[in-house]
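Here's run.txt, which has compact mmCIF, N, CA and C atoms:
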# COMPACT_ATOMS: atom_id res chain seq x y z
N MET A 1 90.70 157.22 66.70
CA MET A 1 89.44 157.11 67.35
C MET A 1 88.78 155.78 67.02
N ARG A 2 89.01 155.33 65.81
CA ARG A 2 88.44 154.08 65.38
C ARG A 2 89.00 152.92 66.20
N GLY A 3 90.28 152.94 66.55
CA GLY A 3 90.89 151.90 67.36
C GLY A 3 90.34 151.88 68.77
N THR A 4 90.01 153.04 69.30
CA THR A 4 89.48 153.11 70.66
C THR A 4 88.08 152.50 70.72
N ARG A 5 87.28 152.78 69.71
CA ARG A 5 85.94 152.23 69.66
C ARG A 5 85.99 150.70 69.54
N HIS A 6 86.88 150.20 68.72
CA HIS A 6 87.04 148.76 68.54
C HIS A 6 87.52 148.11 69.84
N ARG A 7 88.45 148.76 70.51
CA ARG A 7 88.98 148.23 71.77
C ARG A 7 87.89 148.23 72.84
N THR A 8 87.08 149.25 72.90
CA THR A 8 86.00 149.34 73.88
C THR A 8 84.98 148.23 73.65
N ARG A 9 84.62 148.01 72.39
CA ARG A 9 83.68 146.92 72.07
C ARG A 9 84.27 145.57 72.42
N SER A 10 85.53 145.40 72.15
CA SER A 10 86.20 144.14 72.48
C SER A 10 86.22 143.91 73.98
N LEU A 11 86.53 144.96 74.75
CA LEU A 11 86.54 144.83 76.21
C LEU A 11 85.14 144.54 76.75
N LEU A 12 84.12 145.20 76.20
CA LEU A 12 82.75 144.95 76.64
C LEU A 12 82.32 143.52 76.31
N ALA A 13 82.67 143.05 75.15
CA ALA A 13 82.33 141.68 74.75
C ALA A 13 83.04 140.68 75.63
N ALA A 14 84.32 140.93 75.92
CA ALA A 14 85.08 140.03 76.78
C ALA A 14 84.51 140.03 78.19
N SER A 15 84.12 141.21 78.69
CA SER A 15 83.53 141.32 80.03
C SER A 15 82.21 140.55 80.10
N ALA A 16 81.40 140.70 79.08
CA ALA A 16 80.12 139.99 79.04
C ALA A 16 80.34 138.49 78.98
N LEU A 17 81.32 138.05 78.22
CA LEU A 17 81.63 136.63 78.12
C LEU A 17 82.10 136.08 79.46
N VAL A 18 83.00 136.78 80.13
CA VAL A 18 83.51 136.33 81.43
C VAL A 18 82.37 136.32 82.46
N ALA A 19 81.54 137.36 82.46
CA ALA A 19 80.42 137.41 83.39
C ALA A 19 79.44 136.27 83.11
N GLY A 20 79.20 136.00 81.84
CA GLY A 20 78.30 134.92 81.47
C GLY A 20 78.82 133.56 81.90
N LEU A 21 80.13 133.40 81.95
CA LEU A 21 80.71 132.14 82.40
C LEU A 21 80.78 132.04 83.91
N LEU A 22 80.98 133.17 84.57
CA LEU A 22 81.15 133.14 86.02
C LEU A 22 79.83 133.08 86.79
N VAL A 23 78.77 133.62 86.24
CA VAL A 23 77.49 133.62 86.96
C VAL A 23 77.02 132.20 87.25
N PRO A 24 76.99 131.27 86.26
CA PRO A 24 76.56 129.90 86.60
C PRO A 24 77.48 129.23 87.61
N VAL A 25 78.78 129.50 87.52
CA VAL A 25 79.71 128.91 88.49
C VAL A 25 79.41 129.44 89.88
N GLY A 26 79.11 130.74 89.99
CA GLY A 26 78.77 131.33 91.29
C GLY A 26 77.48 130.77 91.85
N LEU A 27 76.49 130.61 90.98
CA LEU A 27 75.23 130.04 91.44
C LEU A 27 75.39 128.59 91.86
N TYR A 28 76.19 127.84 91.14
CA TYR A 28 76.47 126.44 91.47
C TYR A 28 77.14 126.36 92.84
N ALA A 29 78.16 127.21 93.05
CA ALA A 29 78.86 127.22 94.34
C ALA A 29 77.94 127.65 95.46
N ALA A 30 77.09 128.62 95.22
CA ALA A 30 76.15 129.08 96.24
C ALA A 30 75.16 127.97 96.61
N GLY A 31 74.74 127.21 95.60
CA GLY A 31 73.84 126.09 95.87
C GLY A 31 74.48 125.04 96.73
N HIS A 32 75.75 124.75 96.48
CA HIS A 32 76.44 123.75 97.29
C HIS A 32 76.72 124.25 98.69
N VAL A 33 77.02 125.49 98.85
CA VAL A 33 77.24 126.05 100.18
C VAL A 33 75.94 126.01 100.96
N GLY A 34 74.85 126.38 100.31
CA GLY A 34 73.55 126.34 100.98
C GLY A 34 73.16 124.93 101.37
N ALA A 35 73.40 123.98 100.47
CA ALA A 35 73.07 122.58 100.77
C ALA A 35 73.94 122.06 101.90
N ALA A 36 75.23 122.42 101.89
CA ALA A 36 76.12 121.98 102.96
C ALA A 36 75.72 122.60 104.27
N GLY A 37 75.30 123.86 104.23
CA GLY A 37 74.84 124.51 105.45
C GLY A 37 73.59 123.85 106.00
N ALA A 38 72.69 123.44 105.11
CA ALA A 38 71.47 122.77 105.55
C ALA A 38 71.80 121.39 106.10
N ALA A 39 72.75 120.69 105.48
CA ALA A 39 73.12 119.37 105.97
C ALA A 39 73.90 119.47 107.27
N GLY A 40 74.60 120.57 107.47
CA GLY A 40 75.39 120.74 108.68
C GLY A 40 74.51 120.95 109.91
N ALA A 41 73.32 121.51 109.74
CA ALA A 41 72.40 121.73 110.85
C ALA A 41 71.20 120.80 110.69
N PRO A 42 71.27 119.58 111.25
CA PRO A 42 70.18 118.62 111.05
C PRO A 42 68.90 119.07 111.75
N ARG A 43 67.79 118.68 111.15
CA ARG A 43 66.50 118.96 111.76
C ARG A 43 66.38 118.14 113.03
N PRO A 44 65.74 118.67 114.06
CA PRO A 44 65.59 117.89 115.29
C PRO A 44 64.64 116.72 115.05
N ASP A 45 65.06 115.55 115.48
CA ASP A 45 64.22 114.36 115.38
C ASP A 45 63.30 114.32 116.59
N PRO A 46 62.13 113.71 116.43
CA PRO A 46 61.26 113.58 117.60
C PRO A 46 61.92 112.67 118.63
N GLU A 47 61.66 112.96 119.87
CA GLU A 47 62.24 112.16 120.95
C GLU A 47 61.70 110.74 120.88
N PRO A 48 62.58 109.73 120.95
CA PRO A 48 62.08 108.35 120.91
C PRO A 48 61.26 108.06 122.17
N SER A 49 60.23 107.29 122.00
CA SER A 49 59.38 106.95 123.14
C SER A 49 58.68 105.64 122.87
N GLY A 50 58.09 105.08 123.89
CA GLY A 50 57.32 103.85 123.75
C GLY A 50 57.98 102.69 124.44
N ALA A 51 57.22 102.02 125.27
CA ALA A 51 57.72 100.86 125.99
C ALA A 51 57.86 99.67 125.03
N GLU A 52 58.84 98.83 125.33
CA GLU A 52 59.04 97.60 124.55
C GLU A 52 58.33 96.48 125.31
N CYS A 53 57.42 95.76 124.64
CA CYS A 53 56.60 94.76 125.30
C CYS A 53 56.87 93.37 124.74
N ARG A 54 56.89 92.40 125.63
CA ARG A 54 57.02 90.99 125.25
C ARG A 54 55.79 90.26 125.81
N THR A 55 55.06 89.63 124.89
CA THR A 55 53.81 88.96 125.25
C THR A 55 53.97 87.46 125.09
N SER A 56 53.47 86.70 126.06
CA SER A 56 53.53 85.24 125.96
C SER A 56 52.18 84.67 126.39
N VAL A 57 51.83 83.53 125.79
CA VAL A 57 50.58 82.84 126.08
C VAL A 57 50.94 81.48 126.67
N HIS A 58 50.38 81.18 127.85
CA HIS A 58 50.57 79.89 128.52
C HIS A 58 49.20 79.30 128.79
N GLY A 59 48.76 78.40 127.91
CA GLY A 59 47.43 77.82 128.05
C GLY A 59 46.35 78.86 127.83
N SER A 60 45.60 79.17 128.89
CA SER A 60 44.53 80.17 128.77
C SER A 60 44.97 81.51 129.37
N ARG A 61 46.22 81.64 129.77
CA ARG A 61 46.72 82.87 130.37
C ARG A 61 47.63 83.64 129.42
N VAL A 62 47.54 84.96 129.50
CA VAL A 62 48.39 85.85 128.72
C VAL A 62 49.17 86.73 129.69
N ILE A 63 50.48 86.81 129.47
CA ILE A 63 51.32 87.67 130.30
C ILE A 63 52.15 88.56 129.38
N ALA A 64 52.19 89.84 129.69
CA ALA A 64 53.00 90.78 128.92
C ALA A 64 53.86 91.59 129.88
N TYR A 65 55.14 91.69 129.57
CA TYR A 65 56.05 92.55 130.31
C TYR A 65 56.43 93.70 129.39
N CYS A 66 56.26 94.92 129.89
CA CYS A 66 56.58 96.12 129.11
C CYS A 66 57.63 96.93 129.86
N HIS A 67 58.74 97.18 129.20
CA HIS A 67 59.84 97.98 129.78
C HIS A 67 59.98 99.26 128.98
N ASN A 68 60.10 100.37 129.70
CA ASN A 68 60.21 101.68 129.06
C ASN A 68 61.63 102.23 129.27
N PRO A 69 62.50 102.18 128.24
CA PRO A 69 63.86 102.69 128.39
C PRO A 69 63.99 104.19 128.11
N TYR A 70 62.88 104.85 127.78
CA TYR A 70 62.93 106.25 127.36
C TYR A 70 62.56 107.19 128.50
N PRO A 71 62.90 108.48 128.36
CA PRO A 71 62.68 109.43 129.46
C PRO A 71 61.25 109.94 129.63
N SER A 72 60.32 109.44 128.85
CA SER A 72 58.93 109.88 129.01
C SER A 72 58.06 108.67 129.33
N THR A 73 56.99 108.92 130.06
CA THR A 73 56.08 107.85 130.48
C THR A 73 55.22 107.40 129.31
N ASP A 74 55.00 106.09 129.21
CA ASP A 74 54.16 105.51 128.16
C ASP A 74 52.97 104.84 128.84
N ARG A 75 51.85 104.78 128.14
CA ARG A 75 50.67 104.07 128.66
C ARG A 75 50.42 102.87 127.75
N VAL A 76 50.34 101.68 128.37
CA VAL A 76 50.15 100.45 127.62
C VAL A 76 48.86 99.78 128.06
N GLN A 77 48.30 98.97 127.15
CA GLN A 77 47.06 98.26 127.44
C GLN A 77 47.12 96.89 126.75
N LEU A 78 46.80 95.84 127.49
CA LEU A 78 46.80 94.48 126.96
C LEU A 78 45.41 94.13 126.43
N HIS A 79 45.38 93.54 125.24
CA HIS A 79 44.12 93.12 124.61
C HIS A 79 44.21 91.61 124.38
N THR A 80 43.18 90.89 124.80
CA THR A 80 43.16 89.43 124.66
C THR A 80 41.94 89.02 123.85
N ASP A 81 42.17 88.22 122.82
CA ASP A 81 41.11 87.71 121.96
C ASP A 81 41.01 86.21 122.22
N CYS A 82 39.89 85.79 122.78
CA CYS A 82 39.70 84.38 123.12
C CYS A 82 39.21 83.58 121.90
N ALA A 83 39.57 82.29 121.87
CA ALA A 83 39.28 81.45 120.71
C ALA A 83 37.80 81.05 120.63
N ARG A 84 37.16 80.82 121.75
CA ARG A 84 35.76 80.36 121.75
C ARG A 84 34.80 81.53 121.58
N TRP A 85 33.74 81.32 120.84
CA TRP A 85 32.80 82.40 120.58
C TRP A 85 32.10 82.88 121.84
N TRP A 86 31.93 81.98 122.81
CA TRP A 86 31.22 82.34 124.03
C TRP A 86 32.15 82.92 125.10
N ASP A 87 33.45 82.85 124.85
CA ASP A 87 34.42 83.37 125.80
C ASP A 87 34.62 84.87 125.55
N ILE A 88 34.52 85.66 126.57
CA ILE A 88 34.55 87.12 126.42
C ILE A 88 35.99 87.61 126.21
N ASP A 89 36.17 88.39 125.13
CA ASP A 89 37.46 89.03 124.90
C ASP A 89 37.65 90.12 125.96
N ALA A 90 38.92 90.42 126.27
CA ALA A 90 39.16 91.37 127.35
C ALA A 90 40.21 92.40 126.96
N ASP A 91 40.05 93.57 127.53
CA ASP A 91 41.03 94.64 127.41
C ASP A 91 41.36 95.08 128.83
N SER A 92 42.64 95.10 129.15
CA SER A 92 43.03 95.54 130.48
C SER A 92 42.90 97.05 130.58
N ARG A 93 42.98 97.58 131.77
CA ARG A 93 42.98 99.03 131.92
C ARG A 93 44.34 99.55 131.48
N PRO A 94 44.41 100.75 130.96
CA PRO A 94 45.71 101.32 130.57
C PRO A 94 46.60 101.50 131.81
N VAL A 95 47.86 101.15 131.65
CA VAL A 95 48.81 101.24 132.75
C VAL A 95 49.96 102.16 132.33
N ALA A 96 50.33 103.07 133.20
CA ALA A 96 51.46 103.96 132.93
C ALA A 96 52.76 103.22 133.20
N VAL A 97 53.71 103.35 132.26
CA VAL A 97 55.03 102.76 132.42
C VAL A 97 56.02 103.91 132.56
N PRO A 98 56.47 104.20 133.77
CA PRO A 98 57.41 105.31 133.96
C PRO A 98 58.76 105.02 133.31
N PRO A 99 59.58 106.03 133.12
CA PRO A 99 60.91 105.82 132.52
C PRO A 99 61.75 104.85 133.35
N GLY A 100 62.38 103.92 132.66
CA GLY A 100 63.27 102.96 133.31
C GLY A 100 62.57 101.90 134.13
N ARG A 101 61.27 101.73 133.98
CA ARG A 101 60.53 100.75 134.77
C ARG A 101 59.93 99.68 133.87
N THR A 102 59.56 98.56 134.50
CA THR A 102 58.90 97.45 133.81
C THR A 102 57.59 97.16 134.52
N VAL A 103 56.53 96.95 133.75
CA VAL A 103 55.24 96.58 134.32
C VAL A 103 54.82 95.23 133.75
N ARG A 104 54.01 94.54 134.52
CA ARG A 104 53.48 93.25 134.09
C ARG A 104 51.98 93.41 133.89
N LEU A 105 51.50 92.94 132.73
CA LEU A 105 50.08 92.92 132.42
C LEU A 105 49.68 91.46 132.24
N ASP A 106 48.53 91.08 132.78
CA ASP A 106 48.09 89.70 132.58
C ASP A 106 46.58 89.66 132.40
N ASP A 107 46.13 88.59 131.73
CA ASP A 107 44.72 88.39 131.46
C ASP A 107 44.53 86.90 131.19
N ARG A 108 43.28 86.49 131.04
CA ARG A 108 43.04 85.08 130.75
C ARG A 108 41.73 84.88 130.03
N CYS A 109 41.63 83.75 129.38
CA CYS A 109 40.38 83.28 128.78
C CYS A 109 39.96 82.03 129.55
N TRP A 110 38.70 81.60 129.39
CA TRP A 110 38.28 80.36 130.03
C TRP A 110 38.92 79.16 129.35
N LYS A 111 39.05 79.25 128.05
CA LYS A 111 39.67 78.16 127.29
C LYS A 111 40.90 78.69 126.57
N GLU A 112 41.00 78.51 125.26
CA GLU A 112 42.19 78.90 124.50
C GLU A 112 42.22 80.39 124.18
N VAL A 113 43.43 80.89 124.00
CA VAL A 113 43.64 82.28 123.60
C VAL A 113 43.90 82.28 122.09
N ARG A 114 43.16 83.07 121.33
CA ARG A 114 43.39 83.19 119.89
C ARG A 114 44.56 84.13 119.61
N SER A 115 44.54 85.30 120.23
CA SER A 115 45.64 86.25 120.04
C SER A 115 45.67 87.23 121.20
N ALA A 116 46.82 87.86 121.36
CA ALA A 116 46.98 88.88 122.40
C ALA A 116 47.98 89.90 121.89
N TRP A 117 47.74 91.18 122.21
CA TRP A 117 48.63 92.24 121.77
C TRP A 117 48.56 93.40 122.75
N VAL A 118 49.55 94.25 122.67
CA VAL A 118 49.64 95.42 123.54
C VAL A 118 49.57 96.67 122.67
N THR A 119 48.76 97.64 123.08
CA THR A 119 48.71 98.93 122.39
C THR A 119 49.31 99.99 123.31
N HIS A 120 49.74 101.07 122.67
CA HIS A 120 50.38 102.19 123.37
C HIS A 120 49.49 103.41 123.22
N ALA A 121 49.15 104.03 124.35
CA ALA A 121 48.33 105.25 124.32
C ALA A 121 49.19 106.48 124.17
N GLY A 122 50.49 106.32 124.22
CA GLY A 122 51.39 107.45 124.00
C GLY A 122 51.98 107.99 125.29
N ARG A 123 52.72 109.08 125.12
CA ARG A 123 53.43 109.68 126.24
C ARG A 123 52.45 110.45 127.12
N THR A 124 52.71 110.41 128.42
CA THR A 124 51.87 111.14 129.35
C THR A 124 52.63 112.27 130.02
N GLY A 125 53.87 112.51 129.63
CA GLY A 125 54.64 113.61 130.21
C GLY A 125 56.08 113.22 130.37
N SER A 126 56.93 114.18 130.69
CA SER A 126 58.35 113.90 130.86
C SER A 126 58.68 113.78 132.33
N ALA A 127 59.70 113.01 132.61
CA ALA A 127 60.13 112.81 134.00
C ALA A 127 61.11 113.89 134.41
As structure tokens, please, write out the structure in this file.
Amino acid sequence: MRGTRHRTRSLLAASALVAGLLVPVGLYAAGHVGAAGAAGAPRPDPEPSGAECRTSVHGSRVIAYCHNPYPSTDRVQLHTDCARWWDIDADSRPVAVPPGRTVRLDDRCWKEVRSAWVTHAGRTGSA
């Protein structure tokens, strides 16, 4: 009877030791499977949008061409900052740039142009 008790304790100790070693390995493997599963299904990225604009200044005139290569309409607006204090700065009206189209925006100062830039009002809907 004494041998049976000793054998039972030995088997229980060995079982506990094996379980203690296997649990961290199982958790480690589960973590990697979960991470791989998360990496396998990427989060959806926002749809790219926004017209690409090229602005040029010729004397007192500003010209901007905006092309929209994306499937949603963008609204652009040209802003002109004149160099002279008495010359009025101007903002054009917002213009919709449909998908695959190019629009021309222009403005002018009486004298020199200090700076000009285009802002985007964002998407106005899908085509």
Original post:
Rounded to one decimal in Å, what is the spacing between atom CA of A:Cys82 and atom C of A:Cys66?
Top reply: 22.9 Å
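Residues with any atom within 8 Å of A:Arg114, counting all atoms listed in the file and excluding same-chain neighbours fewer than 3 positions away, are A:Thr80, A:Asp81, A:Cys82, A:Ala83, A:Arg84, A:Cys109, A:Lys111.
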Original post:
Rounded to one decimal in Å, what is the spacing between atom C of A:Val62 and atom N of A:Ser49?
Top reply: 24.6 Å
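You will find atom C of A:Val103 at 21.7 Å from atom C of A:Ile88.
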Original post:
If we count only N, CA and C atoms, what is near A:Gly59 at a cut-off of 8 Å, once residues fewer than 2 positions away on the same chain are taken out, given as a PyMOL selection string?
Top reply: chain A and resi 56-57+61-62+108-113
Limited to N, CA and C atoms, could you put the picked residues into a file as a PDB file, in the coordinates of the input?
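out-v2.pdb written:
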ATOM      1  N   SER A  56      53.470  86.700 126.060  1.00  0.00           N
ATOM      2  CA  SER A  56      53.530  85.240 125.960  1.00  0.00           C
ATOM      3  C   SER A  56      52.180  84.670 126.390  1.00  0.00           C
ATOM      4  N   VAL A  57      51.830  83.530 125.790  1.00  0.00           N
ATOM      5  CA  VAL A  57      50.580  82.840 126.080  1.00  0.00           C
ATOM      6  C   VAL A  57      50.940  81.480 126.670  1.00  0.00           C
ATOM      7  N   ARG A  61      46.220  81.640 129.770  1.00  0.00           N
ATOM      8  CA  ARG A  61      46.720  82.870 130.370  1.00  0.00           C
ATOM      9  C   ARG A  61      47.630  83.640 129.420  1.00  0.00           C
ATOM     10  N   VAL A  62      47.540  84.960 129.500  1.00  0.00           N
ATOM     11  CA  VAL A  62      48.390  85.850 128.720  1.00  0.00           C
ATOM     12  C   VAL A  62      49.170  86.730 129.690  1.00  0.00           C
ATOM     13  N   ARG A 108      43.280  86.490 131.040  1.00  0.00           N
ATOM     14  CA  ARG A 108      43.040  85.080 130.750  1.00  0.00           C
ATOM     15  C   ARG A 108      41.730  84.880 130.030  1.00  0.00           C
ATOM     16  N   CYS A 109      41.630  83.750 129.380  1.00  0.00           N
ATOM     17  CA  CYS A 109      40.380  83.280 128.780  1.00  0.00           C
ATOM     18  C   CYS A 109      39.960  82.030 129.550  1.00  0.00           C
ATOM     19  N   TRP A 110      38.700  81.600 129.390  1.00  0.00           N
ATOM     20  CA  TRP A 110      38.280  80.360 130.030  1.00  0.00           C
ATOM     21  C   TRP A 110      38.920  79.160 129.350  1.00  0.00           C
ATOM     22  N   LYS A 111      39.050  79.250 128.050  1.00  0.00           N
ATOM     23  CA  LYS A 111      39.670  78.160 127.290  1.00  0.00           C
ATOM     24  C   LYS A 111      40.900  78.690 126.570  1.00  0.00           C
ATOM     25  N   GLU A 112      41.000  78.510 125.260  1.00  0.00           N
ATOM     26  CA  GLU A 112      42.190  78.900 124.500  1.00  0.00           C
ATOM     27  C   GLU A 112      42.220  80.390 124.180  1.00  0.00           C
ATOM     28  N   VAL A 113      43.430  80.890 124.000  1.00  0.00           N
ATOM     29  CA  VAL A 113      43.640  82.280 123.600  1.00  0.00           C
ATOM     30  C   VAL A 113      43.900  82.280 122.090  1.00  0.00           C
TER      31      VAL A 113
END
**OP:** Pick out the closest residue to A:Asn68 from this set: A:Asp106, A:Ala121, A:Ser10, A:Pro98. Count all atoms listed in the file.
**Re:**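 When distances to A:Asn68 are compared using all atoms listed in the file, the smallest one comes from A:Pro98.
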**OP:** Mind listing the strand (DSSP E) residues of stretch 46-98 of chain A, per DSSP on the backbone, as a PyMOL selection string?
**Re:** chain A and resi 52-58+61-67+72-82+90-91+95-97
Original post:
Of the candidates A:Arg104, A:Tyr65, A:Gly50, A:Ala116, which one gets nearest to A:His79 if we count only C-alpha atoms?
Top reply: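 Among the listed residues, A:Ala116 lies closest to A:His79.
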Pick out the residues sitting within 12 Å of A:Arg101, and hand them over as a PDB file with N, CA and C atoms, keeping the file's coordinate frame; count only C-alpha atoms, and ignore anything fewer than 5 positions along from it in its own chain.
ATOM      1  N   GLY A  50      58.090 105.080 123.890  1.00  0.00           N
ATOM      2  CA  GLY A  50      57.320 103.850 123.750  1.00  0.00           C
ATOM      3  C   GLY A  50      57.980 102.690 124.440  1.00  0.00           C
ATOM      4  N   ALA A  51      57.220 102.020 125.270  1.00  0.00           N
ATOM      5  CA  ALA A  51      57.720 100.860 125.990  1.00  0.00           C
ATOM      6  C   ALA A  51      57.860  99.670 125.030  1.00  0.00           C
ATOM      7  N   GLU A  52      58.840  98.830 125.330  1.00  0.00           N
ATOM      8  CA  GLU A  52      59.040  97.600 124.550  1.00  0.00           C
ATOM      9  C   GLU A  52      58.330  96.480 125.310  1.00  0.00           C
ATOM     10  N   CYS A  53      57.420  95.760 124.640  1.00  0.00           N
ATOM     11  CA  CYS A  53      56.600  94.760 125.300  1.00  0.00           C
ATOM     12  C   CYS A  53      56.870  93.370 124.740  1.00  0.00           C
ATOM     13  N   TYR A  65      55.140  91.690 129.570  1.00  0.00           N
ATOM     14  CA  TYR A  65      56.050  92.550 130.310  1.00  0.00           C
ATOM     15  C   TYR A  65      56.430  93.700 129.390  1.00  0.00           C
ATOM     16  N   CYS A  66      56.260  94.920 129.890  1.00  0.00           N
ATOM     17  CA  CYS A  66      56.580  96.120 129.110  1.00  0.00           C
ATOM     18  C   CYS A  66      57.630  96.930 129.860  1.00  0.00           C
ATOM     19  N   HIS A  67      58.740  97.180 129.200  1.00  0.00           N
ATOM     20  CA  HIS A  67      59.840  97.980 129.780  1.00  0.00           C
ATOM     21  C   HIS A  67      59.980  99.260 128.980  1.00  0.00           C
ATOM     22  N   ASN A  68      60.100 100.370 129.700  1.00  0.00           N
ATOM     23  CA  ASN A  68      60.210 101.680 129.060  1.00  0.00           C
ATOM     24  C   ASN A  68      61.630 102.230 129.270  1.00  0.00           C
ATOM     25  N   PRO A  69      62.500 102.180 128.240  1.00  0.00           N
ATOM     26  CA  PRO A  69      63.860 102.690 128.390  1.00  0.00           C
ATOM     27  C   PRO A  69      63.990 104.190 128.110  1.00  0.00           C
ATOM     28  N   TYR A  70      62.880 104.850 127.780  1.00  0.00           N
ATOM     29  CA  TYR A  70      62.930 106.250 127.360  1.00  0.00           C
ATOM     30  C   TYR A  70      62.560 107.190 128.500  1.00  0.00           C
ATOM     31  N   PRO A  71      62.900 108.480 128.360  1.00  0.00           N
ATOM     32  CA  PRO A  71      62.680 109.430 129.460  1.00  0.00           C
ATOM     33  C   PRO A  71      61.250 109.940 129.630  1.00  0.00           C
ATOM     34  N   SER A  72      60.320 109.440 128.850  1.00  0.00           N
ATOM     35  CA  SER A  72      58.930 109.880 129.010  1.00  0.00           C
ATOM     36  C   SER A  72      58.060 108.670 129.330  1.00  0.00           C
ATOM     37  N   THR A  73      56.990 108.920 130.060  1.00  0.00           N
ATOM     38  CA  THR A  73      56.080 107.850 130.480  1.00  0.00           C
ATOM     39  C   THR A  73      55.220 107.400 129.310  1.00  0.00           C
ATOM     40  N   ASP A  74      55.000 106.090 129.210  1.00  0.00           N
ATOM     41  CA  ASP A  74      54.160 105.510 128.160  1.00  0.00           C
ATOM     42  C   ASP A  74      52.970 104.840 128.840  1.00  0.00           C
ATOM     43  N   VAL A  95      47.860 101.150 131.650  1.00  0.00           N
ATOM     44  CA  VAL A  95      48.810 101.240 132.750  1.00  0.00           C
ATOM     45  C   VAL A  95      49.960 102.160 132.330  1.00  0.00           C
ATOM     46  N   ALA A  96      50.330 103.070 133.200  1.00  0.00           N
ATOM     47  CA  ALA A  96      51.460 103.960 132.930  1.00  0.00           C
ATOM     48  C   ALA A  96      52.760 103.220 133.200  1.00  0.00           C
TER      49      ALA A  96
END
Subject >> Pick from A:Gly100, A:Leu78, A:Asp107, A:Asp87, whichever lies nearest to A:Thr119 using only C-alpha atoms >> reply: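 Nearest candidate to A:Thr119 out of A:Gly100, A:Leu78, A:Asp107, A:Asp87: A:Leu78.
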